[in-house]
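A.B. asks: Got a structure for you, written out below as structure tokens; questions coming shortly.
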Amino acid sequence: MIDVRISNEQQTHPIDENRLIDAVNLITHDAGITQGSVSLAVVDDPTIHELNVQYLQHDYPTDVLSFVLERDEAMLDGEVIVSADTAAEDAKTYGWNANDELLLYVIHGTLHLVGFNDKTPDDQAEMHEQEAKYLLKFGLQHRIDPA
């Protein structure tokens, strides 16, 4: 198992840290990652907005950012940053709780770290299938219909 460290940098929304760490561990294990670390940061919208501008030149908050720092076949060092504010807002739209939405963001970001992409419609469909697979491991149906 790799080293997963979580940092809750916001105080507004309660989070289930163990559940988020479990998701990272499941995905990295399934991808054959046996060494390395993933830093998981839960932040607010102003913080993720600032990071989005700094690293991607996108002038708006987003739900998740992920950065591969180093990667080879069995080793990964990466970061996943998720917005608890965005999760709380989006959860209202999709009719589930903020912790479930936050879990989806962590799954999505970790899938990026292990090599999944969502640039093309085919990639997006594959990403949604993978998200659904991991959400199911936590007893959840994906909020997006993959069809």
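We name chains A, B, ... following the order of the structure tokens; residues begin at 1 in each chain, and ligands are numbered from 1 as shown.
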Taking only residues of region 9-46 of chain A that have an atom at most 10 Å from an atom of region 121-139 of chain A, what is each one's shortest atom pair and its distance in Å to one decimal, using only C-alpha atoms, in chain and number order, as a tab-separated table?
C.D. replies:
residue	atom	partner	partner_atom	distance
A:Arg19	CA	A:Phe138	CA	8.5
A:Asp22	CA	A:Phe138	CA	9.6
A:Ala23	CA	A:Tyr134	CA	7.4
A:Val24	CA	A:Tyr134	CA	10.0
A:Leu26	CA	A:Tyr134	CA	8.0
A:Ile27	CA	A:Tyr134	CA	7.7
A.B. asks: With region 8-11 of chain A as the partner and 10 Å as the cut-off, tabulate the residues of region 28-145 of chain A that qualify, each row holding the nearest pair of atoms and their distance in Å to one decimal, using only C-alpha atoms, sorted by chain and rising number, as JSON lines.
C.D. replies:
{"residue": "A:Leu40", "atom": "CA", "partner": "A:Asn8", "partner_atom": "CA", "distance": 8.5}
{"residue": "A:Ala41", "atom": "CA", "partner": "A:Asn8", "partner_atom": "CA", "distance": 5.9}
{"residue": "A:Val42", "atom": "CA", "partner": "A:Asn8", "partner_atom": "CA", "distance": 4.8}
{"residue": "A:Val43", "atom": "CA", "partner": "A:Glu9", "partner_atom": "CA", "distance": 5.0}
{"residue": "A:Asp44", "atom": "CA", "partner": "A:Gln10", "partner_atom": "CA", "distance": 5.7}
{"residue": "A:Asp45", "atom": "CA", "partner": "A:Gln10", "partner_atom": "CA", "distance": 9.5}
{"residue": "A:Thr47", "atom": "CA", "partner": "A:Glu9", "partner_atom": "CA", "distance": 9.1}
{"residue": "A:Val82", "atom": "CA", "partner": "A:Asn8", "partner_atom": "CA", "distance": 9.8}
{"residue": "A:Ser83", "atom": "CA", "partner": "A:Gln10", "partner_atom": "CA", "distance": 8.9}
{"residue": "A:Ala84", "atom": "CA", "partner": "A:Gln10", "partner_atom": "CA", "distance": 7.6}
{"residue": "A:Asp85", "atom": "CA", "partner": "A:Gln10", "partner_atom": "CA", "distance": 8.9}
A.B. asks: Where does DSSP see strand (DSSP E or B) in chain A, if you list the residues as a PyMOL selection string?
C.D. replies: chain A and resi 3-8+35-43+64-72+75-83
A.B. asks: Set the distance at 12 Å and use only C-alpha atoms: which residues neighbour region 54-56 of chain A once local chain neighbours fewer than 6 positions away are removed? I'd like the list as a PDB file with N, CA and C atoms, in the first residue's frame.
C.D. replies:
ATOM      1  N   THR A  47      -9.399  28.757  -2.475  1.00  0.00           N
ATOM      2  CA  THR A  47      -8.085  28.117  -2.600  1.00  0.00           C
ATOM      3  C   THR A  47      -7.962  27.362  -3.916  1.00  0.00           C
ATOM      4  N   ILE A  48      -8.981  26.569  -4.275  1.00  0.00           N
ATOM      5  CA  ILE A  48      -8.880  25.804  -5.521  1.00  0.00           C
ATOM      6  C   ILE A  48      -8.940  26.739  -6.724  1.00  0.00           C
ATOM      7  N   THR A  62     -12.791  24.976  -9.388  1.00  0.00           N
ATOM      8  CA  THR A  62     -13.108  23.698 -10.009  1.00  0.00           C
ATOM      9  C   THR A  62     -13.369  22.682  -8.906  1.00  0.00           C
ATOM     10  N   LEU A  65      -8.386  18.955  -8.774  1.00  0.00           N
ATOM     11  CA  LEU A  65      -7.134  19.089  -9.520  1.00  0.00           C
ATOM     12  C   LEU A  65      -6.271  17.896  -9.151  1.00  0.00           C
ATOM     13  N   SER A  66      -5.534  17.375 -10.118  1.00  0.00           N
ATOM     14  CA  SER A  66      -4.607  16.289  -9.801  1.00  0.00           C
ATOM     15  C   SER A  66      -3.298  16.531 -10.537  1.00  0.00           C
ATOM     16  N   PHE A  67      -2.222  16.189  -9.865  1.00  0.00           N
ATOM     17  CA  PHE A  67      -0.881  16.405 -10.403  1.00  0.00           C
ATOM     18  C   PHE A  67      -0.037  15.164 -10.172  1.00  0.00           C
TER      19      PHE A  67
END
